[in-house]
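Undergrad: So I've got this file, protein_12.cif, and it contains mmCIF, C-alpha atoms:
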```cif
data_input
#
loop_
_atom_site.label_atom_id
_atom_site.label_comp_id
_atom_site.auth_asym_id
_atom_site.auth_seq_id
_atom_site.Cartn_x
_atom_site.Cartn_y
_atom_site.Cartn_z
CA MET A 884 333.31 122.49 177.81
CA GLN A 885 335.27 120.92 174.96
CA SER A 886 335.67 122.98 171.84
CA HIS A 887 335.04 121.87 168.25
CA THR A 888 338.15 123.70 167.15
CA ASP A 889 340.20 121.02 168.87
CA ARG A 890 338.64 118.31 166.70
CA TYR A 891 341.43 117.98 164.14
CA SER A 892 344.35 118.87 166.40
CA ARG A 893 346.00 115.43 166.20
CA GLN A 894 345.81 115.46 162.45
CA ILE A 895 347.15 119.01 162.24
CA ILE A 896 350.17 118.03 164.36
CA PHE A 897 350.97 115.39 161.73
CA PRO A 898 353.37 117.40 159.51
CA CYS A 899 352.26 115.99 156.14
CA ILE A 900 348.78 117.45 156.74
CA GLY A 901 349.35 120.42 159.05
CA ARG A 902 347.12 123.46 159.32
CA ALA A 903 347.29 124.22 155.60
CA GLY A 904 346.36 120.64 154.67
CA GLN A 905 343.48 120.64 157.11
CA ALA A 906 342.15 123.85 155.56
CA LYS A 907 342.29 122.21 152.14
CA LEU A 908 340.36 119.19 153.41
CA GLY A 909 337.71 121.50 154.79
CA LYS A 910 337.22 123.07 151.37
CA SER A 911 337.12 119.74 149.52
CA THR A 912 334.31 117.63 148.13
CA VAL A 913 334.58 113.84 148.02
CA VAL A 914 331.98 111.61 146.41
CA ILE A 915 331.89 108.04 147.68
CA ILE A 916 330.16 105.72 145.25
CA GLY A 917 328.92 102.57 146.92
CA CYS A 918 328.47 102.36 150.67
CA GLY A 919 329.21 98.75 151.58
CA ALA A 920 332.27 97.65 153.51
CA LEU A 921 334.76 99.86 151.65
CA GLY A 922 332.36 102.79 151.51
CA THR A 923 331.48 102.74 155.21
CA VAL A 924 335.13 102.53 156.25
CA ALA A 925 336.12 105.33 153.88
CA ALA A 926 333.13 107.50 154.80
CA ALA A 927 333.93 107.12 158.49
CA CYS A 928 337.60 108.02 157.99
CA LEU A 929 336.88 110.98 155.72
CA ALA A 930 334.00 112.45 157.74
CA ARG A 931 336.09 112.31 160.90
CA ALA A 932 339.08 113.78 159.03
CA GLY A 933 337.01 116.86 158.22
CA ILE A 934 336.38 116.66 154.49
CA GLY A 935 334.14 119.70 153.94
CA ARG A 936 331.52 118.03 151.76
CA LEU A 937 330.95 114.31 151.61
CA ARG A 938 328.42 112.84 149.20
CA ILE A 939 327.62 109.16 149.68
CA VAL A 940 325.75 107.39 146.89
CA ASP A 941 324.28 103.89 147.19
CA ARG A 942 321.21 102.09 145.84
CA ASP A 943 320.80 99.38 148.51
CA PHE A 944 319.11 98.68 151.82
CA ILE A 945 320.88 97.14 154.79
CA GLU A 946 320.63 93.42 155.51
CA TYR A 947 321.85 91.41 158.49
CA HIS A 948 324.68 89.85 156.50
CA ASN A 949 326.04 93.37 155.87
CA LEU A 950 326.61 94.02 159.58
CA GLN A 951 329.63 91.70 159.70
CA ARG A 952 331.71 94.31 157.88
CA GLN A 953 329.75 97.47 157.05
CA ILE A 954 330.77 99.37 160.14
CA LEU A 955 328.42 102.35 160.00
CA PHE A 956 325.22 100.29 160.26
CA ASP A 957 323.39 98.60 163.12
CA GLU A 958 320.45 96.32 163.78
CA ASP A 959 317.99 99.23 164.02
CA ASP A 960 318.89 100.21 160.46
CA VAL A 961 318.08 96.68 159.27
CA ARG A 962 314.78 96.55 161.17
CA ASN A 963 313.75 100.00 159.97
CA GLN A 964 314.80 99.25 156.39
CA ILE A 965 316.93 102.35 156.10
CA PRO A 966 318.82 102.73 152.80
CA LYS A 967 322.59 102.56 153.23
CA ALA A 968 323.22 106.11 152.02
CA ILE A 969 320.72 107.57 154.49
CA ALA A 970 321.92 105.45 157.42
CA ALA A 971 325.52 106.44 156.67
CA GLU A 972 324.56 110.12 156.61
CA ARG A 973 322.68 109.87 159.94
CA HIS A 974 325.43 108.03 161.76
CA LEU A 975 328.19 110.27 160.45
CA ARG A 976 326.34 113.47 161.39
CA LYS A 977 326.64 112.33 164.99
CA ALA A 978 330.39 111.83 164.53
CA ASN A 979 330.95 115.19 162.84
CA SER A 980 328.26 117.86 162.69
CA SER A 981 330.64 120.50 161.35
CA ILE A 982 330.80 119.17 157.77
CA GLU A 983 328.19 118.71 155.03
CA ILE A 984 327.17 115.10 154.55
CA GLU A 985 324.71 114.15 151.86
CA GLY A 986 323.42 110.59 151.45
CA ILE A 987 321.88 109.93 148.04
CA VAL A 988 319.87 106.78 147.29
CA ALA A 989 320.45 106.19 143.59
CA ASP A 990 321.61 103.72 140.99
CA VAL A 991 324.87 104.86 139.43
CA ASN A 992 324.73 104.33 135.68
CA TYR A 993 325.73 106.14 132.50
CA ARG A 994 322.68 108.37 132.74
CA THR A 995 323.16 109.42 136.37
CA ILE A 996 326.86 109.38 137.10
CA GLU A 997 327.86 112.81 135.81
CA ARG A 998 325.21 114.52 137.91
CA LEU A 999 326.12 112.44 140.98
CA VAL A 1000 329.83 113.27 140.87
CA ALA A 1001 329.43 116.94 139.94
CA GLY A 1002 331.73 119.14 142.04
CA ALA A 1003 333.88 116.25 143.28
CA ASP A 1004 337.56 116.84 143.95
CA VAL A 1005 338.08 113.09 144.37
CA ILE A 1006 335.79 110.13 143.67
CA LEU A 1007 336.23 107.17 146.01
CA ASP A 1008 335.16 103.78 144.74
CA GLY A 1009 333.21 101.57 147.13
CA VAL A 1010 331.11 99.70 144.59
CA ASP A 1011 330.66 95.95 144.36
CA ASN A 1012 331.00 95.39 140.62
CA LEU A 1013 333.42 96.08 137.79
CA GLU A 1014 331.01 97.68 135.37
CA THR A 1015 330.44 100.69 137.62
CA ARG A 1016 334.19 100.95 138.12
CA TYR A 1017 334.80 101.29 134.39
CA LEU A 1018 332.05 103.90 134.34
CA ILE A 1019 333.73 105.81 137.18
CA ASN A 1020 336.99 105.55 135.21
CA ASP A 1021 335.34 107.17 132.16
CA VAL A 1022 333.77 110.01 134.11
CA SER A 1023 337.00 110.61 136.00
CA LEU A 1024 339.01 110.94 132.78
CA LYS A 1025 336.36 113.05 131.05
CA HIS A 1026 336.08 115.56 133.89
CA ARG A 1027 339.73 115.27 135.06
CA VAL A 1028 338.73 114.22 138.59
CA PRO A 1029 341.04 111.74 140.35
CA TRP A 1030 339.46 108.53 141.57
CA VAL A 1031 340.65 105.98 144.08
CA TYR A 1032 339.94 102.41 143.06
CA GLY A 1033 339.55 99.80 145.75
CA ALA A 1034 338.19 96.28 145.85
CA ALA A 1035 338.07 93.50 148.42
CA VAL A 1036 336.81 89.94 148.32
CA SER A 1037 337.69 86.84 150.32
CA SER A 1038 340.82 87.89 152.26
CA ASP A 1039 342.27 89.78 149.26
CA GLY A 1040 342.11 93.38 148.26
CA MET A 1041 343.68 95.89 145.90
CA THR A 1042 343.76 99.63 145.45
CA MET A 1043 345.26 102.20 143.11
CA ASN A 1044 344.93 105.89 142.40
CA ILE A 1045 343.90 107.09 138.98
CA ILE A 1046 344.97 110.67 138.37
CA PRO A 1047 343.83 111.68 134.89
CA GLY A 1048 346.70 112.47 132.54
CA ARG A 1049 349.32 111.53 135.13
CA THR A 1050 348.88 107.84 135.98
CA PRO A 1051 347.65 104.78 134.10
CA CYS A 1052 343.88 104.34 134.38
CA ILE A 1053 341.97 101.11 135.01
CA CYS A 1054 341.58 100.67 131.26
CA CYS A 1055 345.34 101.08 130.67
CA LEU A 1056 345.96 98.22 133.06
CA PHE A 1057 342.93 96.04 132.38
CA PRO A 1058 341.60 97.00 128.94
CA HIS A 1059 338.75 94.49 129.07
CA MET A 1060 336.36 93.62 131.83
CA PRO A 1061 336.54 89.93 132.76
CA ALA A 1062 333.59 87.92 131.46
CA SER A 1063 330.68 87.87 133.85
CA GLY A 1064 330.44 84.73 135.95
CA ARG A 1065 334.21 84.62 136.33
CA VAL A 1066 334.59 87.36 138.87
CA PRO A 1067 334.46 86.31 142.52
CA THR A 1068 332.14 88.54 144.56
CA CYS A 1069 331.71 88.85 148.32
CA ASP A 1070 328.37 87.06 147.96
CA THR A 1071 329.90 84.00 146.32
CA ALA A 1072 333.49 83.87 147.60
CA GLY A 1073 332.82 85.42 151.01
CA VAL A 1074 334.85 88.16 152.64
CA VAL A 1075 336.82 88.61 155.85
CA SER A 1076 336.05 92.09 157.19
CA SER A 1077 339.70 93.01 157.65
CA ALA A 1078 340.25 92.96 153.86
CA PRO A 1079 337.85 95.83 153.08
CA PHE A 1080 338.89 97.57 156.33
CA VAL A 1081 342.51 97.74 155.18
CA ILE A 1082 341.63 98.71 151.63
CA GLY A 1083 339.04 101.31 152.74
CA ALA A 1084 341.60 102.79 155.11
CA LEU A 1085 344.24 102.96 152.35
CA GLN A 1086 341.74 104.56 149.97
CA SER A 1087 340.93 107.18 152.61
CA VAL A 1088 344.54 108.15 153.23
CA GLU A 1089 345.24 108.32 149.49
CA THR A 1090 342.18 110.57 149.09
CA ILE A 1091 343.51 112.83 151.83
CA LYS A 1092 346.96 112.86 150.19
CA ILE A 1093 345.51 113.84 146.82
CA LEU A 1094 343.43 116.60 148.44
CA VAL A 1095 346.32 118.13 150.39
CA GLY A 1096 348.54 117.94 147.31
CA ALA A 1097 351.04 115.44 148.74
CA GLU A 1098 353.87 114.62 146.35
CA ASP A 1099 354.12 111.01 147.38
CA VAL A 1100 350.64 109.91 146.31
CA ASN A 1101 350.78 106.16 145.65
CA ARG A 1102 351.48 105.44 141.98
CA GLY A 1103 351.45 101.65 142.16
CA LEU A 1104 348.86 98.94 142.50
CA ILE A 1105 348.72 97.80 146.11
CA THR A 1106 347.54 94.25 146.75
CA ILE A 1107 346.96 92.66 150.11
CA ASP A 1108 345.98 89.31 151.54
CA VAL A 1109 345.03 89.88 155.16
CA TRP A 1110 344.90 86.16 155.87
CA THR A 1111 348.48 85.41 154.85
CA GLY A 1112 349.78 88.88 155.63
CA ALA A 1113 351.14 89.39 152.12
CA PHE A 1114 351.31 93.02 151.02
CA GLN A 1115 352.73 94.13 147.65
CA ARG A 1116 353.09 97.40 145.78
CA LEU A 1117 353.24 96.55 142.08
CA GLN A 1118 354.71 98.93 139.53
CA ILE A 1119 352.28 99.83 136.79
CA GLY A 1120 354.15 102.51 134.88
CA ASP A 1121 354.43 106.26 135.25
CA SER A 1122 351.96 107.51 132.70
CA PRO A 1123 348.76 106.65 130.80
CA SER A 1124 349.16 104.01 128.09
CA PRO A 1125 349.27 105.56 124.59
CA ASP A 1126 347.02 102.70 123.38
CA CYS A 1127 344.32 103.24 125.99
CA PRO A 1128 341.05 104.27 124.34
CA ALA A 1129 339.67 105.83 127.53
CA CYS A 1130 342.79 107.99 127.99
CA GLN A 1131 342.36 109.08 124.34
CA GLY A 1132 338.84 110.31 125.09
CA LYS A 1133 336.77 107.27 124.06
CA TYR A 1134 334.39 106.78 126.97
CA GLU A 1135 332.79 103.51 126.06
CA PHE A 1136 331.01 102.91 129.35
CA LEU A 1137 329.86 106.49 129.78
CA ASP A 1138 328.61 106.50 126.20
CA ALA A 1139 326.83 103.22 127.04
CA ARG A 1140 328.53 101.26 124.29
CA PHE A 1141 329.35 98.66 126.89
CA GLY A 1142 327.64 97.74 130.08
CA ALA A 1143 324.70 95.60 131.02
CA ARG A 1144 321.31 96.33 129.50
CA THR A 1145 318.26 95.71 131.58
CA THR A 1146 314.68 95.48 130.36
CA SER A 1147 311.67 95.12 132.60
CA LEU A 1148 309.52 92.31 131.21
CA CYS A 1149 306.07 93.82 131.19
CA GLY A 1150 303.49 92.18 133.41
CA GLN A 1151 305.84 89.37 134.44
CA ASN A 1152 307.39 90.86 137.57
CA ALA A 1153 310.74 90.05 135.98
CA VAL A 1154 313.71 91.88 134.46
CA GLN A 1155 316.03 90.69 131.73
CA VAL A 1156 319.74 91.47 132.11
CA VAL A 1157 321.86 91.29 128.95
CA ILE A 1158 325.64 91.34 129.11
CA PRO A 1159 327.53 92.64 126.07
CA GLY A 1160 330.47 90.83 124.46
CA ASP A 1161 331.35 87.18 124.30
CA THR A 1162 330.42 85.61 127.56
CA GLU A 1163 330.22 81.90 128.08
CA LEU A 1164 329.02 80.96 131.52
CA SER A 1165 330.22 77.76 133.10
CA PHE A 1166 327.07 76.39 134.78
CA GLU A 1167 329.14 73.79 136.59
CA GLU A 1168 331.33 76.44 138.18
CA LEU A 1169 328.40 78.74 139.01
CA ALA A 1170 326.37 75.88 140.49
CA ARG A 1171 329.28 75.00 142.75
CA ARG A 1172 329.36 78.58 144.05
CA PHE A 1173 325.59 79.00 144.29
CA GLN A 1174 324.81 75.78 146.17
CA GLU A 1175 326.25 77.27 149.35
CA ILE A 1176 323.89 80.25 149.31
CA GLY A 1177 320.64 79.23 147.63
CA GLN A 1178 318.82 76.61 145.63
CA VAL A 1179 320.34 75.80 142.28
CA SER A 1180 319.64 73.41 139.39
CA TYR A 1181 320.77 73.37 135.79
CA ASN A 1182 320.81 71.57 132.48
CA GLU A 1183 322.70 72.43 129.30
CA PHE A 1184 320.26 75.23 128.39
CA MET A 1185 319.69 77.14 131.60
CA LEU A 1186 320.56 77.43 135.25
CA ARG A 1187 317.98 78.30 137.90
CA PHE A 1188 319.10 79.90 141.12
CA ALA A 1189 316.75 80.93 143.94
CA VAL A 1190 318.12 83.39 146.48
CA ASP A 1191 316.90 86.31 148.64
CA GLY A 1192 313.30 85.67 147.55
CA TYR A 1193 314.17 86.08 143.85
CA GLU A 1194 314.74 83.53 141.13
CA MET A 1195 317.47 84.04 138.57
CA VAL A 1196 317.39 82.10 135.31
CA LEU A 1197 320.76 82.21 133.57
CA PHE A 1198 321.56 81.32 129.97
CA PRO A 1199 324.96 80.22 128.65
CA ASP A 1200 325.54 83.56 126.85
CA GLY A 1201 325.37 85.40 130.17
CA ARG A 1202 321.81 86.64 129.75
CA ALA A 1203 319.61 86.43 132.84
CA ILE A 1204 315.97 86.78 133.72
CA VAL A 1205 315.51 87.88 137.29
CA LYS A 1206 312.06 87.00 138.60
CA GLY A 1207 310.40 88.61 141.58
CA THR A 1208 311.06 92.25 140.71
CA ASN A 1209 310.20 94.91 138.16
CA ASP A 1210 313.03 97.11 139.34
CA GLU A 1211 315.88 97.12 136.82
CA SER A 1212 318.47 98.29 139.33
CA VAL A 1213 317.51 95.49 141.74
CA ALA A 1214 317.93 92.93 138.94
CA LYS A 1215 321.26 94.38 137.90
CA GLY A 1216 322.35 94.47 141.52
CA LEU A 1217 321.53 90.78 142.01
CA TYR A 1218 323.39 89.90 138.83
CA ALA A 1219 326.43 91.88 139.93
CA LYS A 1220 326.27 90.32 143.37
CA TYR A 1221 326.00 86.68 142.41
CA VAL A 1222 327.16 86.25 138.82
CA GLY A 1223 329.53 89.19 138.82
CA MET A 1224 329.89 91.91 136.19
CA MET B 486 364.50 78.20 136.13
CA SER B 487 362.12 77.69 139.03
CA VAL B 488 359.91 80.56 140.11
CA LYS B 489 357.06 81.19 142.53
CA VAL B 490 353.74 82.17 141.01
CA GLN B 491 351.00 83.95 142.98
CA ILE B 492 347.64 82.60 141.85
CA PRO B 493 344.65 84.94 142.15
CA LEU B 494 341.34 83.82 143.64
CA PRO B 495 339.50 83.27 140.31
CA LEU B 496 342.21 80.83 139.14
CA ARG B 497 342.53 78.82 142.32
CA GLY B 498 339.87 76.42 141.08
CA SER B 499 342.57 75.14 138.70
CA THR B 500 345.30 74.85 141.35
CA GLY B 501 343.25 72.95 143.91
CA GLY B 502 342.91 76.08 146.03
CA LEU B 503 346.64 76.88 146.19
CA SER B 504 347.47 80.58 146.22
CA GLU B 505 351.14 80.07 145.43
CA VAL B 506 352.67 77.42 143.18
CA GLU B 507 356.08 76.70 141.65
CA ALA B 508 356.65 76.69 137.92
CA ARG B 509 359.60 76.28 135.57
CA GLY B 510 360.56 78.16 132.42
CA SER B 511 362.86 80.85 131.12
CA ASN B 512 360.19 83.39 130.20
CA ILE B 513 356.57 84.11 131.03
CA ARG B 514 355.23 82.19 128.04
CA GLU B 515 357.08 79.06 129.16
CA ILE B 516 356.01 79.56 132.76
CA ILE B 517 352.37 79.61 131.69
CA GLY B 518 352.96 76.48 129.58
CA ASP B 519 354.41 74.75 132.63
CA LEU B 520 351.50 75.89 134.80
CA GLU B 521 349.10 74.44 132.24
CA ALA B 522 350.92 71.09 132.36
CA SER B 523 350.59 70.97 136.16
CA TYR B 524 347.16 72.62 136.44
CA PRO B 525 345.16 72.01 133.28
CA GLY B 526 342.67 74.73 132.42
CA ILE B 527 344.74 77.67 133.65
CA ARG B 528 346.04 78.63 130.19
CA GLU B 529 342.55 78.93 128.77
CA ARG B 530 341.70 81.37 131.54
CA LEU B 531 344.74 83.52 130.82
CA PHE B 532 344.91 83.53 127.05
CA ARG B 533 342.76 84.81 124.27
CA GLY B 534 343.59 82.52 121.35
CA ASP B 535 347.13 81.12 121.26
CA GLU B 536 349.25 84.21 121.32
CA GLU B 537 347.57 86.94 123.27
CA LEU B 538 347.07 87.37 126.98
CA ASN B 539 343.49 88.06 128.02
CA ARG B 540 343.11 91.75 128.46
CA PHE B 541 341.59 91.56 131.91
CA VAL B 542 344.69 90.09 133.54
CA SER B 543 348.02 91.69 134.27
CA ILE B 544 351.18 89.74 135.05
CA PHE B 545 354.00 91.12 137.17
CA VAL B 546 357.57 89.86 137.46
CA GLY B 547 359.38 90.99 140.58
CA GLY B 548 356.61 93.58 141.07
CA ARG B 549 356.84 95.07 137.54
CA ASP B 550 354.09 94.86 134.95
CA ILE B 551 355.34 92.70 132.03
CA ARG B 552 353.92 95.31 129.64
CA LEU B 553 356.70 97.60 130.87
CA LEU B 554 359.18 94.77 130.13
CA GLU B 555 359.07 92.32 127.21
CA GLY B 556 355.50 91.09 127.60
CA LEU B 557 355.17 87.30 127.40
CA GLU B 558 358.82 87.06 126.35
CA THR B 559 359.98 88.69 129.59
CA THR B 560 362.79 86.54 130.94
CA VAL B 561 362.62 85.25 134.48
CA ARG B 562 365.41 84.40 136.85
CA GLU B 563 365.67 81.67 139.43
CA GLY B 564 363.60 82.60 142.47
CA ASP B 565 361.64 85.39 140.76
CA GLU B 566 358.14 86.05 142.05
CA ILE B 567 355.44 86.14 139.42
CA THR B 568 352.05 87.67 140.24
CA ILE B 569 349.00 87.01 138.08
CA LEU B 570 346.36 89.60 138.74
CA PRO B 571 342.89 90.10 137.34
CA LEU B 572 341.01 93.24 138.28
CA ALA B 573 339.10 92.53 141.50
CA ALA B 574 335.48 93.37 142.15
CA GLY B 575 333.82 93.29 145.56
CA GLY B 576 333.39 96.16 147.89
#
```
In C-alpha cells, what does this structure look like?

TA:
Amino acid sequence: MQSHTDRYSRQIIFPCIGRAGQAKLGKSTVVIIGCGALGTVAAACLARAGIGRLRIVDRDFIEYHNLQRQILFDEDDVRNQIPKAIAAERHLRKANSSIEIEGIVADVNYRTIERLVAGADVILDGVDNLETRYLINDVSLKHRVPWVYGAAVSSDGMTMNIIPGRTPCICCLFPHMPASGRVPTCDTAGVVSSAPFVIGALQSVETIKILVGAEDVNRGLITIDVWTGAFQRLQIGDSPSPDCPACQGKYEFLDARFGARTTSLCGQNAVQVVIPGDTELSFEELARRFQEIGQVSYNEFMLRFAVDGYEMVLFPDGRAIVKGTNDESVAKGLYAKYVGM
Amino acid sequence: MSVKVQIPLPLRGSTGGLSEVEARGSNIREIIGDLEASYPGIRERLFRGDEELNRFVSIFVGGRDIRLLEGLETTVREGDEITILPLAAGG
C-alpha cells in the first residue's frame, strides 16, 4: 500500500523547497482568478504541489474549443455543461485529496473581488482580459498580497510578479489600458496551447517561490514566443514607480472609476456595454478579425457581428449592445473575448 | 545605426505580419520615425500626440525599459535589440 506521505518526496528533495518549504506550501492559500488555459495549468501544478488551500474562480462554462488547451477539462464536462470552476475542483480532487480545493462560479468585478481573494497569500492571474488584471492589481496593492500576472495569445506570452511595495506593479509599467478593440485575444488571434502551458508553468513556480520565501523571485518581465523559441527577461526596475497612482493608494479600478459599465436593456434580451475613456474602434480592422469566426457586416455607424448564438452591435466609440442575453457578465465576457478590454 | 526591432502582435498589421524588422536611427525617437517611414501607421499606434509615448506600451533597449534610461532620447548602438511591448491579454 502506497502512502500519502510520500506524495511530495520528489519536491522535498529539491533543495530550494525542502521540508520547510513544503510545510509552508501546505499552510498557504492561493486564489486563481480565471480558469482557462493558464488557470488550468496553474491549478494542476499547484494542487499537485500541495498548496494547502486552492480557490479557483471562474464565470464560464466549458466549450469544445476550450479542450485544445484547457487541460483539466474533458468532453463529459462539455456535454454536462459543468462550469469551469466546478470541473476544475472535481478533477483536481482526484489528483490530490489531501488539500482543500474550492471552485467558485462568479464574475470577478469591483464589487466581488475583495471577498473572492480574502485570505490569499498569492493571487494567480488566469483571466482573459486586461480590465480584470488592473482590478487584481488594485486589490493586490490595497491588501498587500502578491499577484502573478500572466497572459498568452497566439504563440506569445508574458509573465511578471507584482510584490506590493517591492516591485513595479502593472500600472507602473503600463499606466493605461490599451483601447478596446486593439488588444488581440485568443478568440480573435488564436492561440497555440504551448504558449499558455509555458506561462502557466512559470506562474506556478513563481507562486511557489513567493510562498516558500525564495530570495530569487523573478523581478523582470518574462516574454516568450513558443513558435520561434525566443525567450527574454526584460528589466523593469527594482521598485514601484513614484508616479504610479495605484502604488500611491489610488485604486481606480477597485473604486470603479474605470472599467466597463454594463446595463441590461429591459425587455430586450440585450445588454449594453460601455467602455470608459477615448476609444475609437477601427471597424475595418475588427471586421477582418471577425470574418474568420462569425458573420460580420458594417457601415460607418455600426458593426454587426453574430457569433456563438449572440449578436453584437458595436459603435465607433467602443459601446456595444449584446443581443441574446440579459446577463451582464455574459455580455461583458463576450466583449472581452472578441473586442478585447 | 541599424538595429533590430521586435514587433508585438497588435502592431504586426502594420509590418505585413513581420515580428522582427530593421530600423535606423541614433535614438528611440528616430527609430520610431524610421519605422513609420517603412511601415506607415505604426507611429500613430505608439504615440499619444506628437511627443508622448502611449501609456500602454513599454519599449526596451537591450532588455532595459527606456523609462529607466533616457526615455525616447535613449541612444541606441549598432546591433541593439529593441523590444516594443504592449500589455498582453489572453489567458

Undergrad: Select, as a PDB file with C-alpha atoms, keeping the file's coordinate frame, those residues of chain A with any atom no more than 6 Å from chain B (distances computed using all atoms listed in the file).

TA:
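Written file, iface_36.pdb:
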```
ATOM      1  CA  ALA A 920     332.270  97.650 153.510  1.00  0.00           C
ATOM      2  CA  LEU A 921     334.760  99.860 151.650  1.00  0.00           C
ATOM      3  CA  GLY A1009     333.210 101.570 147.130  1.00  0.00           C
ATOM      4  CA  VAL A1010     331.110  99.700 144.590  1.00  0.00           C
ATOM      5  CA  ASP A1011     330.660  95.950 144.360  1.00  0.00           C
ATOM      6  CA  ASN A1012     331.000  95.390 140.620  1.00  0.00           C
ATOM      7  CA  LEU A1013     333.420  96.080 137.790  1.00  0.00           C
ATOM      8  CA  ALA A1034     338.190  96.280 145.850  1.00  0.00           C
ATOM      9  CA  ALA A1035     338.070  93.500 148.420  1.00  0.00           C
ATOM     10  CA  VAL A1036     336.810  89.940 148.320  1.00  0.00           C
ATOM     11  CA  PHE A1057     342.930  96.040 132.380  1.00  0.00           C
ATOM     12  CA  PRO A1058     341.600  97.000 128.940  1.00  0.00           C
ATOM     13  CA  HIS A1059     338.750  94.490 129.070  1.00  0.00           C
ATOM     14  CA  MET A1060     336.360  93.620 131.830  1.00  0.00           C
ATOM     15  CA  PRO A1061     336.540  89.930 132.760  1.00  0.00           C
ATOM     16  CA  THR A1068     332.140  88.540 144.560  1.00  0.00           C
ATOM     17  CA  CYS A1069     331.710  88.850 148.320  1.00  0.00           C
ATOM     18  CA  LEU A1117     353.240  96.550 142.080  1.00  0.00           C
ATOM     19  CA  GLN A1118     354.710  98.930 139.530  1.00  0.00           C
ATOM     20  CA  ILE A1119     352.280  99.830 136.790  1.00  0.00           C
TER      21      ILE A1119
END
```

Undergrad: Just to confirm, what's the straight-line distance from CA of Ala1078 (chain A) to CA of Tyr1032 (chain A) in Å (one decimal)?

TA: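 The value is 14.4 Å.
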
Undergrad: Running the PyMOL selection byres ((chain B and resi 510) around 10) on this model by hand, what would come out? Give it as a ChimeraX atom specification.

TA: /B:486-488,508-509,511-520,560-563

Undergrad: Find the distance between CA of Asp1039 (chain A) and CA of Arg1116 (chain A) and write it in Å to one decimal.

TA: 13.7 Å

Undergrad: Could you check how far CA of Arg942 (chain A) sits from CA of Ala1189 (chain A), in Å to one decimal?

TA: 21.7 Å
